[in-house]
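Shown next: coords.tsv, containing TSV, C-alpha atoms.
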chain	number	residue	atom	x	y	z
A	7	MET	CA	0.00	0.00	0.00
A	8	ASP	CA	1.35	3.40	-0.94
A	9	SER	CA	2.30	5.61	2.01
A	10	ASP	CA	0.24	8.46	0.55
A	11	ASP	CA	-2.89	6.53	1.39
A	12	VAL	CA	-1.95	5.41	4.89
A	13	GLU	CA	-3.49	7.18	7.83
A	14	PRO	CA	-0.74	9.02	9.75
A	15	THR	CA	0.51	7.10	12.78
A	16	GLN	CA	2.16	10.07	14.43
A	17	SER	CA	1.68	10.50	18.15
A	18	LYS	CA	-0.62	13.13	19.62
A	19	MET	CA	2.45	15.20	20.33
A	20	GLY	CA	3.36	15.09	16.65
A	21	SER	CA	-0.13	16.21	15.73
A	22	ASP	CA	0.01	19.04	18.25
A	23	VAL	CA	3.30	20.26	16.85
A	24	GLU	CA	2.02	20.27	13.28
A	25	SER	CA	-1.16	22.05	14.32
A	26	ALA	CA	0.73	24.59	16.39
A	27	GLN	CA	3.34	25.44	13.77
A	28	SER	CA	3.42	27.29	10.49
A	29	LYS	CA	6.36	28.08	8.19
A	30	THR	CA	7.62	31.43	7.03
A	31	ASP	CA	8.94	32.05	3.52
A	32	ASP	CA	12.51	31.43	4.65
A	33	GLY	CA	11.68	28.07	6.24
A	34	LYS	CA	11.62	29.17	9.88
A	35	ILE	CA	8.87	27.89	12.15
A	36	SER	CA	6.51	30.01	14.22
A	37	ILE	CA	4.26	28.60	16.92
A	38	LYS	CA	0.57	29.52	16.52
A	39	LYS	CA	-0.72	31.29	19.65
A	40	SER	CA	-4.07	29.48	19.71
A	41	ALA	CA	-2.31	26.11	20.02
A	42	PHE	CA	0.67	27.29	22.08
A	43	ARG	CA	-0.45	26.26	25.53
A	44	SER	CA	-1.62	22.79	24.51
A	45	LEU	CA	1.76	22.24	22.87
A	46	VAL	CA	3.62	23.29	25.98
A	47	ILE	CA	1.53	21.00	28.18
A	48	SER	CA	2.27	18.11	25.83
A	49	VAL	CA	6.01	18.81	26.00
A	50	VAL	CA	5.97	18.91	29.78
A	51	ALA	CA	3.90	15.75	30.01
A	52	ILE	CA	6.23	13.84	27.70
A	53	SER	CA	9.24	15.08	29.63
A	54	ILE	CA	7.73	13.72	32.85
A	55	ILE	CA	7.02	10.36	31.28
A	56	ALA	CA	10.55	10.15	29.89
A	57	ALA	CA	11.99	10.96	33.28
A	58	PHE	CA	9.82	8.32	34.93
A	59	PHE	CA	11.09	5.54	32.70
A	60	ALA	CA	14.64	6.74	33.19
A	61	GLY	CA	14.20	6.21	36.92
A	62	SER	CA	14.57	9.86	37.83
A	63	TYR	CA	10.93	10.73	38.46
A	64	VAL	CA	10.42	12.18	41.94
A	65	SER	CA	7.50	10.59	43.75
A	66	LEU	CA	5.02	13.04	45.26
A	67	LYS	CA	2.26	12.31	47.75
A	68	SER	CA	-0.18	11.56	44.95
A	69	ASN	CA	2.58	10.32	42.58
A	70	GLU	CA	1.74	13.28	40.33
A	71	LEU	CA	2.84	16.89	40.00
A	72	THR	CA	0.79	19.40	41.91
A	73	LYS	CA	-1.05	22.00	39.89
A	74	ALA	CA	1.29	24.73	41.09
A	75	GLU	CA	4.38	22.75	40.11
A	76	LEU	CA	2.96	21.96	36.68
A	77	ASN	CA	2.08	25.61	36.06
A	78	GLU	CA	5.58	26.65	37.10
A	79	ALA	CA	7.15	24.12	34.73
A	80	ILE	CA	4.91	25.29	31.90
A	81	ALA	CA	5.77	28.94	32.57
A	82	LYS	CA	9.51	28.20	32.46
A	83	LEU	CA	9.19	26.29	29.20
A	84	GLU	CA	7.06	29.06	27.66
A	85	THR	CA	9.76	31.57	28.56
A	86	LYS	CA	12.48	29.45	26.94
A	87	ILE	CA	10.50	29.08	23.73
A	88	VAL	CA	9.69	32.79	23.54
A	89	ASN	CA	13.32	33.72	24.22
A	90	ALA	CA	14.48	31.33	21.50
A	91	GLN	CA	12.09	32.93	19.04
A	92	GLN	CA	13.22	36.44	19.93
A	93	GLN	CA	16.89	35.49	19.65
A	94	GLY	CA	16.27	34.17	16.17
A	95	ASN	CA	14.59	37.45	15.16
A	96	GLN	CA	11.82	35.42	13.55
A	97	PRO	CA	9.48	37.55	11.35
A	98	LYS	CA	5.74	37.60	11.84
A	99	VAL	CA	3.99	34.78	9.98
A	100	GLU	CA	1.26	35.72	7.53
A	101	PRO	CA	-1.88	33.53	7.46
A	102	ILE	CA	-1.67	30.60	5.04
A	103	SER	CA	-3.94	31.17	2.06
A	104	ILE	CA	-5.95	28.07	1.12
A	105	SER	CA	-8.51	28.35	-1.66
A	106	ALA	CA	-11.89	26.61	-1.53
A	107	ASP	CA	-12.14	27.26	-5.28
A	108	ASP	CA	-15.72	26.78	-6.48
A	109	ASP	CA	-15.92	23.20	-5.24
A	110	PRO	CA	-18.99	21.60	-3.60
A	111	SER	CA	-19.71	22.78	-0.08
A	112	LYS	CA	-22.29	22.39	2.64
A	113	GLY	CA	-23.23	24.76	5.43
A	114	ASP	CA	-23.53	28.52	5.79
A	115	GLN	CA	-21.40	30.20	3.12
A	116	ASP	CA	-20.60	32.95	5.65
A	117	ALA	CA	-19.64	30.56	8.46
A	118	PRO	CA	-16.69	31.85	10.53
A	119	VAL	CA	-14.61	28.70	9.94
A	120	THR	CA	-14.13	26.66	6.78
A	121	ILE	CA	-12.94	23.05	6.54
A	122	ILE	CA	-11.43	22.19	3.17
A	123	GLU	CA	-11.00	18.45	2.58
A	124	PHE	CA	-8.80	16.99	-0.14
A	125	SER	CA	-10.15	13.51	-0.70
A	126	ASP	CA	-10.07	10.37	-2.86
A	127	PHE	CA	-13.35	8.45	-3.29
A	128	GLN	CA	-11.46	5.14	-3.43
A	129	CYS	CA	-9.30	5.81	-0.37
A	130	PRO	CA	-10.41	3.57	2.55
A	131	PHE	CA	-9.32	6.15	5.11
A	132	CYS	CA	-11.42	8.79	3.37
A	133	GLY	CA	-14.31	6.37	3.65
A	134	ARG	CA	-13.64	5.95	7.36
A	135	PHE	CA	-13.73	9.71	7.85
A	136	GLN	CA	-17.10	9.97	6.07
A	137	VAL	CA	-18.62	7.30	8.32
A	138	GLU	CA	-16.98	7.90	11.69
A	139	THR	CA	-16.19	11.62	11.85
A	140	LEU	CA	-18.00	13.77	9.30
A	141	PRO	CA	-21.52	13.15	10.72
A	142	SER	CA	-20.49	14.64	14.08
A	143	ILE	CA	-18.82	17.62	12.41
A	144	VAL	CA	-21.97	18.25	10.39
A	145	GLU	CA	-24.24	17.92	13.42
A	146	GLN	CA	-22.25	20.08	15.83
A	147	TYR	CA	-20.67	22.65	13.52
A	148	VAL	CA	-22.06	22.69	9.97
A	149	ASP	CA	-25.75	22.50	10.86
A	150	THR	CA	-25.26	25.14	13.58
A	151	GLY	CA	-23.77	27.66	11.14
A	152	LYS	CA	-20.25	27.61	12.61
A	153	VAL	CA	-18.49	25.74	9.80
A	154	LYS	CA	-18.63	25.54	6.03
A	155	PHE	CA	-17.37	22.18	4.72
A	156	VAL	CA	-15.74	22.05	1.27
A	157	PHE	CA	-14.85	18.93	-0.72
A	158	ARG	CA	-11.93	19.04	-3.16
A	159	ASP	CA	-10.62	16.13	-5.24
A	160	PHE	CA	-7.25	14.48	-4.73
A	161	PRO	CA	-7.45	11.11	-6.54
A	162	ILE	CA	-4.30	9.02	-6.08
A	163	GLN	CA	-4.55	7.29	-9.42
A	164	ASN	CA	-1.38	5.19	-9.19
A	165	ILE	CA	-2.87	3.06	-6.40
A	166	HIS	CA	-6.58	3.75	-6.95
A	167	PRO	CA	-7.39	3.15	-10.63
A	168	ASN	CA	-11.06	4.07	-10.18
A	169	ALA	CA	-10.40	7.22	-8.16
A	170	LEU	CA	-10.28	9.55	-11.16
A	171	PRO	CA	-13.47	8.29	-12.88
A	172	SER	CA	-15.33	8.37	-9.56
A	173	ALA	CA	-14.29	11.99	-9.05
A	174	ALA	CA	-15.40	12.75	-12.60
A	175	ALA	CA	-18.77	11.10	-11.91
A	176	ALA	CA	-19.17	13.19	-8.75
A	177	GLY	CA	-18.46	16.31	-10.80
A	178	CYS	CA	-21.23	15.33	-13.19
A	179	ALA	CA	-23.54	14.82	-10.21
A	180	ASN	CA	-22.66	18.29	-8.95
A	181	GLU	CA	-23.71	19.64	-12.35
A	182	GLN	CA	-27.22	18.42	-11.52
A	183	ASN	CA	-27.05	19.84	-7.97
A	184	LYS	CA	-26.85	16.39	-6.42
A	185	PHE	CA	-23.20	16.19	-5.43
A	186	TRP	CA	-23.68	15.25	-1.78
A	187	GLU	CA	-26.21	12.53	-2.54
A	188	TYR	CA	-23.79	11.02	-5.05
A	189	HIS	CA	-20.85	11.58	-2.70
A	190	ASP	CA	-22.59	9.52	-0.03
A	191	VAL	CA	-23.50	6.71	-2.45
A	192	LEU	CA	-19.90	6.45	-3.66
A	193	PHE	CA	-18.51	6.12	-0.16
A	194	GLU	CA	-21.28	3.81	1.04
A	195	ASN	CA	-20.56	1.45	-1.88
A	196	GLN	CA	-16.80	1.92	-2.01
A	197	GLY	CA	-16.24	-1.79	-1.41
A	198	VAL	CA	-18.21	-2.64	-4.56
A	199	TRP	CA	-16.93	-0.37	-7.34
A	200	SER	CA	-13.36	-0.16	-6.06
A	201	LYS	CA	-12.84	-3.90	-6.69
A	202	VAL	CA	-13.76	-3.96	-10.38
A	203	ASP	CA	-12.00	-2.78	-13.54
A	204	THR	CA	-12.51	0.82	-14.62
A	205	ALA	CA	-14.95	0.02	-17.44
A	206	SER	CA	-17.18	-1.88	-15.03
A	207	ALA	CA	-16.88	0.90	-12.44
A	208	ILE	CA	-18.09	3.48	-14.96
A	209	THR	CA	-21.12	1.30	-15.66
A	210	ILE	CA	-21.82	1.18	-11.92
A	211	PHE	CA	-21.47	4.95	-11.65
A	212	LYS	CA	-24.14	5.34	-14.32
A	213	GLU	CA	-26.41	2.96	-12.41
A	214	TYR	CA	-26.07	5.10	-9.28
A	215	ALA	CA	-27.16	8.12	-11.33
A	216	THR	CA	-30.23	6.20	-12.48
A	217	LYS	CA	-31.17	5.30	-8.91
A	218	LEU	CA	-30.83	8.95	-7.87
A	219	ASN	CA	-33.13	10.06	-10.70
A	220	PHE	CA	-30.52	12.08	-12.59
A	221	ASN	CA	-31.02	13.29	-16.12
A	222	GLN	CA	-29.39	10.12	-17.41
A	223	GLU	CA	-28.41	11.33	-20.85
A	224	GLN	CA	-26.79	14.45	-19.44
A	225	PHE	CA	-24.90	12.44	-16.82
A	226	ASP	CA	-23.70	9.77	-19.24
A	227	THR	CA	-22.44	12.33	-21.75
A	228	CYS	CA	-20.70	14.30	-19.01
A	229	LEU	CA	-18.94	11.21	-17.69
A	230	GLU	CA	-17.97	9.76	-21.05
A	231	THR	CA	-16.42	13.01	-22.27
A	232	GLY	CA	-14.45	13.58	-19.07
A	233	LYS	CA	-15.96	17.04	-18.75
A	234	TYR	CA	-14.63	17.67	-15.24
A	235	LEU	CA	-11.12	16.23	-15.61
A	236	PRO	CA	-9.57	19.73	-15.90
A	237	GLU	CA	-11.32	20.76	-12.66
A	238	ILE	CA	-10.03	17.63	-10.91
A	239	ASN	CA	-6.52	18.34	-12.17
A	240	ASN	CA	-6.78	21.86	-10.79
A	241	ASP	CA	-7.69	20.45	-7.37
A	242	LEU	CA	-4.73	18.08	-7.54
A	243	ASN	CA	-2.32	20.88	-8.37
A	244	ASP	CA	-3.69	23.10	-5.60
A	245	GLY	CA	-3.45	20.25	-3.12
A	246	ARG	CA	0.18	19.59	-3.99
A	247	ASN	CA	0.98	23.29	-3.69
A	248	TYR	CA	-0.58	23.30	-0.22
A	249	GLY	CA	1.53	20.32	0.87
A	250	VAL	CA	-1.06	17.56	0.57
A	251	THR	CA	0.76	14.24	0.18
A	252	GLY	CA	-1.96	11.78	1.14
A	253	THR	CA	-5.66	11.45	1.69
A	254	PRO	CA	-7.68	12.59	3.45
A	255	GLY	CA	-6.07	15.96	4.09
A	256	PHE	CA	-7.80	18.90	5.79
A	257	PHE	CA	-7.31	22.63	6.28
A	258	ILE	CA	-9.33	24.37	8.99
A	259	GLY	CA	-9.66	28.15	9.43
A	260	ASN	CA	-10.26	31.17	7.23
A	261	GLU	CA	-8.25	33.69	5.23
A	262	LYS	CA	-7.95	36.11	8.17
A	263	ILE	CA	-6.59	33.76	10.83
A	264	GLY	CA	-4.99	31.23	8.52
A	265	PHE	CA	-5.53	27.47	8.29
A	266	ILE	CA	-4.38	24.58	10.44
A	267	LYS	CA	-3.63	21.31	8.64
A	268	ILE	CA	-4.87	17.90	9.78
A	269	ASN	CA	-3.62	14.73	8.10
A	270	GLY	CA	-5.55	11.47	7.97
A	271	ALA	CA	-8.82	10.08	9.25
A	272	GLN	CA	-8.42	11.52	12.74
A	273	PRO	CA	-11.17	11.06	15.36
A	274	PHE	CA	-13.80	13.73	15.89
A	275	GLU	CA	-12.07	14.99	19.05
A	276	ALA	CA	-9.02	16.02	16.99
A	277	PHE	CA	-11.19	18.09	14.65
A	278	LYS	CA	-13.21	19.53	17.54
A	279	SER	CA	-10.04	20.78	19.23
A	280	VAL	CA	-8.82	22.59	16.11
A	281	ILE	CA	-12.24	23.94	15.14
A	282	ASP	CA	-12.84	25.34	18.62
A	283	SER	CA	-9.41	26.96	18.71
A	284	GLN	CA	-10.04	28.60	15.34
A	285	LEU	CA	-13.49	29.80	16.39
A	286	ASN	CA	-11.96	31.38	19.48
A	287	THR	CA	-9.04	33.03	17.67

Structure translated into structure tokens:
Amino acid sequence: MDSDDVEPTQSKMGSDVESAQSKTDDGKISIKKSAFRSLVISVVAISIIAAFFAGSYVSLKSNELTKAELNEAIAKLETKIVNAQQQGNQPKVEPISISADDDPSKGDQDAPVTIIEFSDFQCPFCGRFQVETLPSIVEQYVDTGKVKFVFRDFPIQNIHPNALPSAAAAGCANEQNKFWEYHDVLFENQGVWSKVDTASAITIFKEYATKLNFNQEQFDTCLETGKYLPEINNDLNDGRNYGVTGTPGFFIGNEKIGFIKINGAQPFEAFKSVIDSQLNT
């Protein structure tokens, strides 16, 4: 299996670091204020664990640090990090610009936070996200007007031969204002069409359109001519430019505050943490 399609196995600390950091034009790293404290806590916690297994952990009455001691340790580490930044004369980081293009979206178009997903319909981890995580995001954030969710294509054709035609079929569905219905059918039946040759998959895609009461002639012509292949290629190029290397990949934020990147089919709690931090920025 290609590494581009494998859900990241990085630790929570690794995820916190990626979420908390952004790069300047000259390659330097700046820590995002909204994620700063959670990062510091993670560093302190890992330091304690490391010390414990090295046999140097000091046992307290409750075998844990007191709140005052933990706060003091955090404050010292914060000071070191800030001093290191100042010594490096690091310039202020401008918000990362991520375009939603004119791709399918759901939710309030004026929502304060946008989630942009780069996805592959044949990717099993993308399918897991749709089933296990997206429903909670929609219920708690999209339906409440806090988040706009955007879907952009990133078919990894070298390992998913039916990814490109499925994305093209979804584009044809969007043309008839039924993208999300077709999106759901593709993921719900991923185990069926992903196991057949491309010609057979295209036949299945047409059958889904029939079941959803599409204008069949319009859909078939759209799919057979590859009408939306240029749009899909545009999504691919944008994704690569934004640093997407695997699916699913997400960017959460807006143009004013910038976007935080999440890699892989992370649990809802990981998205909730980032969304809430962006809403409160």

Here's a test: counting only C-alpha atoms, identify every protein, DNA and RNA residue with an atom at most 10 Å from (-21.7, 23.8, 10.7) in the file's coordinate frame, and state them as a ChimeraX atom specification.
/A:112-115,117-121,142-155

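Closest approach to Thr231 (chain A) among A:Ala205, A:Ile162, A:Val156, A:Ala175 is made by A:Ala175 (distances from all atoms listed in the file).
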
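One distance worth recording is that between CA of Leu229 (chain A) and CA of Ala176 (chain A), which is 9.2 Å.
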
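Excluding region 249-266 of chain A itself and same-chain residues fewer than 2 positions from it, the residues having an atom within 7 Å of it are Asp10, Asp11, Ser25, Pro101, Ile102, Ser103, Val119, Thr120, Ile121, Ile122, Glu123, Phe124, Ser125, Asp126, Phe131, Cys132, Gly245, Arg246, Asn247, Ile268, Asn269, Gly270, Ala271, Ile281 and Gln284 of chain A, counting all atoms listed in the file.
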
Taking every listed atom of region 220-225 of chain A and adding 5 Å to each side, what centre and edge lengths in Å (one decimal) does the axis-aligned box have, as JSON?
{"center_x": -28.0, "center_y": 12.3, "center_z": -16.7, "size_x": 16.1, "size_y": 14.3, "size_z": 18.3}

Shell of 8 Å around Tyr188 (chain A), all atoms listed in the file, local chain residues under 3 positions omitted, as a list of chain:residue names:
A:Ala176, A:Ala179, A:Lys184, A:Phe185, A:Val191, A:Leu192, A:Tyr214, A:Ala215, A:Leu218

Residue with smallest distance to Pro161 (chain A) - pool A:Asn286, A:Gln128, A:Gln196, A:Ser279, counting only C-alpha atoms
A:Gln128

Between CA of Pro171 (chain A) and CA of Glu194 (chain A), what is the spacing in Å?
16.6 Å

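With distances taken over all atoms listed in the file, A:Pro273 is the one residue among A:Pro273, A:Glu230, A:Ile165, A:Ser200 lying closest to Val137 (chain A).
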
Go through A:Phe160, A:Asn168, A:Pro141, A:Ala174 and flag the residue nearest Val202 (chain A), using all atoms listed in the file for the distances.
A:Asn168

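The two atoms in question, CA of Phe225 (chain A) and CA of Cys178 (chain A), are spaced 5.9 Å apart.
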
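Excluding Asp108 (chain A) itself and any same-chain residue fewer than 4 positions from it, the protein and nucleic acid residues within 12 Å of it, counting only C-alpha atoms, are Gln115, Ile122, Val156, Phe157, Arg158, Asp159, Gly177, Asn180, Glu237, Ile238, Asn240 and Asp241 of chain A.
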